[in-house]
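In what follows, a single structure is set out as structure tokens and then discussed.
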Amino acid sequence: MMKTAIRLVAAAALAMTLSAQTAPAPSPTPAGPPRTPPPGYQDVYAGKKRLLVIADLSTGNQSAHMAVSHAVSVIEQIGRQSGAYVTFIRTDTDWVTKQETWGKFAYAKGGPKQARGKNLDYFDAVLFYTNGDTNLTAEQKQGLLDYIAKDGKGFIGIHTATATAVNWPEYGEMLGGVFDNHPWGIADARIVVERPDFPAMKSLKTGMVLKDEHYAMLAKPYSRADVDVLARIDTSSVDMKSPMVHRTDGDFPVAWIKSYGKGRVFYTGLGHTDASWDDPRVRTMTLEAIKWAISGGQTPKPHPLPAK
């Protein structure tokens with residue numbers, strides 16, 4: 001009896017094996033229609049140039065750069081008014097990544113939900129008005145560098161962008177300089193425009209006076225072999241005997257452009273005060289610089305400090 005039962009079980013197992021080997025593979029489930037947003041929720045920014053603004057001071061000086069709020073509001077306004085771009089303002093660095101982003105939220109009556117966010121691939125350029133080491137992970141750092149160098153996108157650094165991530169050498173090399181100090185505090189300084197043909201300089205002329213917290217760069221990585229200086233400070237208009245003046249070459253750039261791989265980089269040290277952002281000259285410079293970073297145009301032409 002026992003032997004008969006064992007034979008029956010074995011026969012059944014063999015039959016199942018043979019059936020699995022000879023049965024046709026199941027047909028794949030037909031794909032459904034592509035998911036589309038419900039009416040009214042389509043991407044209203046589709047087809048427009050998009051700028052991601054990071055205004056994160058959380059790892060840096062918390063009170064010295066209060067103009068950042070006015071700055072980013074002006075940057076948003078001039079983009080919208082001109083039609084050149086639309087701005088997305090973030091006070092965190094979550095979207096500075098090539099990975100998917102998700103934000104947690106909860107309904108009033110329900111558990112935690114998830115919402116998909118954006119990442120760098122959605123934007124044409126990124127602007128940093130930032131300070132301190134940042135909270136960027138290793139993946140985010142590499143993603144940002146690849147976004148510029150490999151994807152050919154734009155980066156704009158404003159004022160404290162050179163006082164950002166000073167312990168991340170690749171960032172300083174990408175941007176073109178690292179902050180040393182501001183030897184004269186907030187002061188008037190005449191400027192010398194070196195590239196009057198560049199669109200961002202059309203509102204600035206040699207001899208003009210700009211009042212700002214003018215920055216000086218460390219000796220490295222700043223180099224005129226890598227950056228195309230658009231304008232610099234006329235050193236005859238500032239106190240070169242200030243104890244915080246460390247450079248001996250008289251090279252104090254106000255703005256520059258540079259290439260980084262396939263991408264475009266613009267930086268200006270202007271923008272410390274609210275008054276700077278109310279200055280039409282600074283607004284025009286910023287708008288034209290962002291347009292260039294987004295869409296390209298003139299190729300950077302690094303050149304030495306002109307002889308006096």
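Order determines the names: the first chain of the structure tokens is A, the second B, and so forth; residues in each chain are numbered 1 upward, and ligands are numbered 1 upward as they are shown.
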Surrounding residues of A:Thr130 excluding itself and chain neighbours under 3 positions, 7 Å, only C-alpha atoms, as a ChimeraX atom specification
/A:54-57,160-161,164
Run DSSP on the backbone and grab whatever in stretch 15-252 of chain A lands in strand (DSSP E); send it over as a PyMOL selection string.
chain A and resi 50-54+86-90+102-106+112-116+125-128+154-158+179-181+186-193+209-213+216-217+228-233
Please determine, counting only C-alpha atoms, which residue among A:Gly185, A:Val265, A:Arg281, A:Pro302 has the shortest atom-to-atom distance to A:Asp226.
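Between A:Gly185, A:Val265, A:Arg281, A:Pro302, the residue approaching A:Asp226 most closely is A:Pro302.
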Suppose you want the space between atom CA of A:Thr59 and atom CA of A:Asp94; what is it in Å?
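Going from atom CA of A:Thr59 over to atom CA of A:Asp94, I get 14.4 Å.
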If we count only C-alpha atoms and set the cut-off at 6 Å, which residues sit around A:Arg232, ignoring sequence neighbours fewer than 6 positions away in its own chain? Please answer as an MDAnalysis selection string.
chainID A and resid 191:192 252:254
Go ahead and write the residues just picked, C-alpha atoms, as a PDB file, in the first residue's frame.
ATOM      1  CA  ILE A 191      35.335  98.971 -12.313  1.00  0.00           C
ATOM      2  CA  VAL A 192      37.248  98.181 -15.467  1.00  0.00           C
ATOM      3  CA  PHE A 252      40.227  91.471  -8.264  1.00  0.00           C
ATOM      4  CA  PRO A 253      37.544  90.207 -10.669  1.00  0.00           C
ATOM      5  CA  VAL A 254      33.968  91.464 -10.456  1.00  0.00           C
TER       6      VAL A 254
END
Give me every helix (DSSP H, G or I) residue in stretch 109-187 of chain A, going by DSSP on the backbone, as a PyMOL selection string.
chain A and resi 120-122+138-149+159-163+169-175
Residues near stretch 207-215 of chain A, anyone? I mean within 9 Å using only C-alpha atoms, not counting same-chain ones fewer than 2 positions away, as an MDAnalysis selection string.
chainID A and resid 159 179:193 204:205 217 233:234 252:254 269:273 275:276
For N, CA and C atoms, I'd like the residues from the last selection saved as a PDB file, in the first residue's frame.
ATOM      1  N   HIS A 159      27.825  85.891  -5.629  1.00  0.00           N
ATOM      2  CA  HIS A 159      28.446  86.384  -4.394  1.00  0.00           C
ATOM      3  C   HIS A 159      29.065  85.259  -3.564  1.00  0.00           C
ATOM      4  N   PHE A 179      36.762  81.983  -2.419  1.00  0.00           N
ATOM      5  CA  PHE A 179      36.790  83.215  -1.629  1.00  0.00           C
ATOM      6  C   PHE A 179      37.978  83.258  -0.673  1.00  0.00           C
ATOM      7  N   ASP A 180      38.657  84.408  -0.660  1.00  0.00           N
ATOM      8  CA  ASP A 180      39.681  84.669   0.350  1.00  0.00           C
ATOM      9  C   ASP A 180      39.099  85.571   1.436  1.00  0.00           C
ATOM     10  N   ASN A 181      38.695  86.783   1.037  1.00  0.00           N
ATOM     11  CA  ASN A 181      38.080  87.714   1.990  1.00  0.00           C
ATOM     12  C   ASN A 181      37.475  88.882   1.224  1.00  0.00           C
ATOM     13  N   HIS A 182      36.943  89.852   1.991  1.00  0.00           N
ATOM     14  CA  HIS A 182      36.462  91.097   1.379  1.00  0.00           C
ATOM     15  C   HIS A 182      37.195  92.239   2.083  1.00  0.00           C
ATOM     16  N   PRO A 183      38.354  92.621   1.515  1.00  0.00           N
ATOM     17  CA  PRO A 183      39.274  93.522   2.210  1.00  0.00           C
ATOM     18  C   PRO A 183      38.706  94.888   2.560  1.00  0.00           C
ATOM     19  N   TRP A 184      37.692  95.341   1.808  1.00  0.00           N
ATOM     20  CA  TRP A 184      37.216  96.706   1.989  1.00  0.00           C
ATOM     21  C   TRP A 184      35.808  96.771   2.572  1.00  0.00           C
ATOM     22  N   GLY A 185      35.257  95.619   2.976  1.00  0.00           N
ATOM     23  CA  GLY A 185      33.891  95.623   3.464  1.00  0.00           C
ATOM     24  C   GLY A 185      32.933  96.047   2.359  1.00  0.00           C
ATOM     25  N   ILE A 186      31.854  96.686   2.737  1.00  0.00           N
ATOM     26  CA  ILE A 186      30.918  97.221   1.741  1.00  0.00           C
ATOM     27  C   ILE A 186      31.420  98.607   1.366  1.00  0.00           C
ATOM     28  N   ALA A 187      31.862  98.766   0.133  1.00  0.00           N
ATOM     29  CA  ALA A 187      32.527 100.004  -0.264  1.00  0.00           C
ATOM     30  C   ALA A 187      32.301 100.291  -1.741  1.00  0.00           C
ATOM     31  N   ASP A 188      32.500 101.557  -2.093  1.00  0.00           N
ATOM     32  CA  ASP A 188      32.477 101.963  -3.493  1.00  0.00           C
ATOM     33  C   ASP A 188      33.769 101.516  -4.169  1.00  0.00           C
ATOM     34  N   ALA A 189      33.645 101.078  -5.404  1.00  0.00           N
ATOM     35  CA  ALA A 189      34.830 100.744  -6.193  1.00  0.00           C
ATOM     36  C   ALA A 189      34.527 101.001  -7.658  1.00  0.00           C
ATOM     37  N   ARG A 190      35.474 101.601  -8.341  1.00  0.00           N
ATOM     38  CA  ARG A 190      35.342 101.749  -9.783  1.00  0.00           C
ATOM     39  C   ARG A 190      35.676 100.417 -10.447  1.00  0.00           C
ATOM     40  N   ILE A 191      35.092 100.222 -11.603  1.00  0.00           N
ATOM     41  CA  ILE A 191      35.335  98.971 -12.313  1.00  0.00           C
ATOM     42  C   ILE A 191      36.006  99.225 -13.653  1.00  0.00           C
ATOM     43  N   VAL A 192      36.669  98.196 -14.122  1.00  0.00           N
ATOM     44  CA  VAL A 192      37.248  98.181 -15.467  1.00  0.00           C
ATOM     45  C   VAL A 192      36.583  97.030 -16.211  1.00  0.00           C
ATOM     46  N   VAL A 193      35.890  97.341 -17.282  1.00  0.00           N
ATOM     47  CA  VAL A 193      35.214  96.319 -18.075  1.00  0.00           C
ATOM     48  C   VAL A 193      36.201  95.788 -19.113  1.00  0.00           C
ATOM     49  N   LEU A 204      27.312  97.875 -18.087  1.00  0.00           N
ATOM     50  CA  LEU A 204      28.450  98.322 -17.285  1.00  0.00           C
ATOM     51  C   LEU A 204      29.506  98.960 -18.173  1.00  0.00           C
ATOM     52  N   LYS A 205      30.113 100.010 -17.673  1.00  0.00           N
ATOM     53  CA  LYS A 205      31.145 100.727 -18.422  1.00  0.00           C
ATOM     54  C   LYS A 205      32.345 100.955 -17.518  1.00  0.00           C
ATOM     55  N   MET A 217      39.850  86.722  -4.360  1.00  0.00           N
ATOM     56  CA  MET A 217      39.965  85.279  -4.508  1.00  0.00           C
ATOM     57  C   MET A 217      41.319  84.783  -3.990  1.00  0.00           C
ATOM     58  N   ILE A 233      38.020  95.167 -10.536  1.00  0.00           N
ATOM     59  CA  ILE A 233      38.079  96.399  -9.761  1.00  0.00           C
ATOM     60  C   ILE A 233      39.281  97.228 -10.195  1.00  0.00           C
ATOM     61  N   ASP A 234      39.061  98.514 -10.331  1.00  0.00           N
ATOM     62  CA  ASP A 234      40.148  99.455 -10.557  1.00  0.00           C
ATOM     63  C   ASP A 234      40.823  99.672  -9.206  1.00  0.00           C
ATOM     64  N   PHE A 252      41.417  91.660  -9.083  1.00  0.00           N
ATOM     65  CA  PHE A 252      40.227  91.471  -8.264  1.00  0.00           C
ATOM     66  C   PHE A 252      38.997  91.455  -9.181  1.00  0.00           C
ATOM     67  N   PRO A 253      38.634  90.282  -9.690  1.00  0.00           N
ATOM     68  CA  PRO A 253      37.544  90.207 -10.669  1.00  0.00           C
ATOM     69  C   PRO A 253      36.181  90.531 -10.059  1.00  0.00           C
ATOM     70  N   VAL A 254      35.361  91.191 -10.834  1.00  0.00           N
ATOM     71  CA  VAL A 254      33.968  91.464 -10.456  1.00  0.00           C
ATOM     72  C   VAL A 254      33.051  90.397 -11.043  1.00  0.00           C
ATOM     73  N   GLY A 269      30.905  88.417  -8.013  1.00  0.00           N
ATOM     74  CA  GLY A 269      30.998  88.680  -6.580  1.00  0.00           C
ATOM     75  C   GLY A 269      29.999  89.714  -6.116  1.00  0.00           C
ATOM     76  N   LEU A 270      29.287  90.350  -7.036  1.00  0.00           N
ATOM     77  CA  LEU A 270      28.277  91.342  -6.664  1.00  0.00           C
ATOM     78  C   LEU A 270      27.057  90.653  -6.067  1.00  0.00           C
ATOM     79  N   GLY A 271      26.273  91.425  -5.304  1.00  0.00           N
ATOM     80  CA  GLY A 271      25.006  90.894  -4.822  1.00  0.00           C
ATOM     81  C   GLY A 271      24.873  90.772  -3.323  1.00  0.00           C
ATOM     82  N   HIS A 272      25.740  91.456  -2.566  1.00  0.00           N
ATOM     83  CA  HIS A 272      25.674  91.340  -1.103  1.00  0.00           C
ATOM     84  C   HIS A 272      24.493  92.096  -0.516  1.00  0.00           C
ATOM     85  N   THR A 273      24.154  93.236  -1.088  1.00  0.00           N
ATOM     86  CA  THR A 273      23.142  94.116  -0.490  1.00  0.00           C
ATOM     87  C   THR A 273      21.840  94.127  -1.281  1.00  0.00           C
ATOM     88  N   ALA A 275      20.425  96.823  -2.093  1.00  0.00           N
ATOM     89  CA  ALA A 275      20.593  97.906  -3.066  1.00  0.00           C
ATOM     90  C   ALA A 275      21.218  97.394  -4.361  1.00  0.00           C
ATOM     91  N   SER A 276      22.093  96.399  -4.256  1.00  0.00           N
ATOM     92  CA  SER A 276      22.687  95.831  -5.471  1.00  0.00           C
ATOM     93  C   SER A 276      21.609  95.281  -6.385  1.00  0.00           C
TER      94      SER A 276
END
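The closest residue to A:Ser295, picked from A:Lys150, A:Arg264, A:Lys104, A:Arg224 and counting only C-alpha atoms, is A:Arg264.
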Tell me which protein, DNA and RNA residues are within 10 Å of stretch 137-139 of chain A, counting only C-alpha atoms, leaving out same-chain ones fewer than 2 positions away, and put them as an mmCIF file with N, CA and C atoms, in the first residue's frame.
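Okay, selection33.cif is ready:
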data_model
loop_
_atom_site.group_PDB
_atom_site.id
_atom_site.type_symbol
_atom_site.label_atom_id
_atom_site.label_comp_id
_atom_site.auth_asym_id
_atom_site.auth_seq_id
_atom_site.Cartn_x
_atom_site.Cartn_y
_atom_site.Cartn_z
ATOM 1 N N THR A 93 18.974 71.542 -0.807
ATOM 2 C CA THR A 93 19.708 71.028 -1.973
ATOM 3 C C THR A 93 19.147 69.700 -2.475
ATOM 4 N N ASP A 94 17.906 69.379 -2.118
ATOM 5 C CA ASP A 94 17.338 68.066 -2.452
ATOM 6 C C ASP A 94 17.332 67.781 -3.945
ATOM 7 N N VAL A 96 19.362 68.884 -6.215
ATOM 8 C CA VAL A 96 20.689 68.866 -6.828
ATOM 9 C C VAL A 96 21.156 67.412 -6.862
ATOM 10 N N THR A 97 20.623 66.655 -7.786
ATOM 11 C CA THR A 97 20.896 65.231 -7.899
ATOM 12 C C THR A 97 20.477 64.742 -9.271
ATOM 13 N N LYS A 98 21.060 63.629 -9.690
ATOM 14 C CA LYS A 98 20.641 62.977 -10.924
ATOM 15 C C LYS A 98 19.687 61.827 -10.626
ATOM 16 N N GLN A 99 19.444 61.572 -9.354
ATOM 17 C CA GLN A 99 18.563 60.489 -8.938
ATOM 18 C C GLN A 99 17.122 60.972 -8.842
ATOM 19 N N THR A 134 27.696 72.994 2.657
ATOM 20 C CA THR A 134 26.497 72.383 2.068
ATOM 21 C C THR A 134 26.262 70.985 2.633
ATOM 22 N N ASN A 135 25.071 70.463 2.380
ATOM 23 C CA ASN A 135 24.713 69.108 2.797
ATOM 24 C C ASN A 135 24.734 68.132 1.628
ATOM 25 N N LYS A 141 27.181 65.643 -5.393
ATOM 26 C CA LYS A 141 28.324 66.418 -5.883
ATOM 27 C C LYS A 141 28.728 65.965 -7.281
ATOM 28 N N GLN A 142 28.852 64.658 -7.447
ATOM 29 C CA GLN A 142 29.228 64.145 -8.766
ATOM 30 C C GLN A 142 28.144 64.422 -9.790
ATOM 31 N N GLY A 143 26.887 64.319 -9.355
ATOM 32 C CA GLY A 143 25.773 64.607 -10.255
ATOM 33 C C GLY A 143 25.801 66.032 -10.759
ATOM 34 N N LEU A 144 26.122 66.980 -9.878
ATOM 35 C CA LEU A 144 26.187 68.383 -10.288
ATOM 36 C C LEU A 144 27.326 68.602 -11.280
#
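Separating atom CA of A:Tyr260 from atom CA of A:Asp124 is a distance of 15.0 Å.
Proximity to A:Tyr122 was assessed for A:Gln77, A:Gln298, A:Thr87, A:Thr284 counting only C-alpha atoms; the smallest distance is recorded for A:Thr87.
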In Å, rounded to a single decimal, give me how far atom CA of A:Val53 is from atom CA of A:Asp228.
23.4 Å
Just the residues within 12 Å of A:Pro304, please, counting only C-alpha atoms, with nothing from its chain fewer than 6 positions along; format it as number ranges by chain.
A: 194, 223-230, 249, 251
Which residue, A:Ile294, A:Arg283, A:Ser203, A:Gly176, has the smallest gap to A:Tyr267 when you use only C-alpha atoms?
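Selected residue with least distance to A:Tyr267: A:Gly176.
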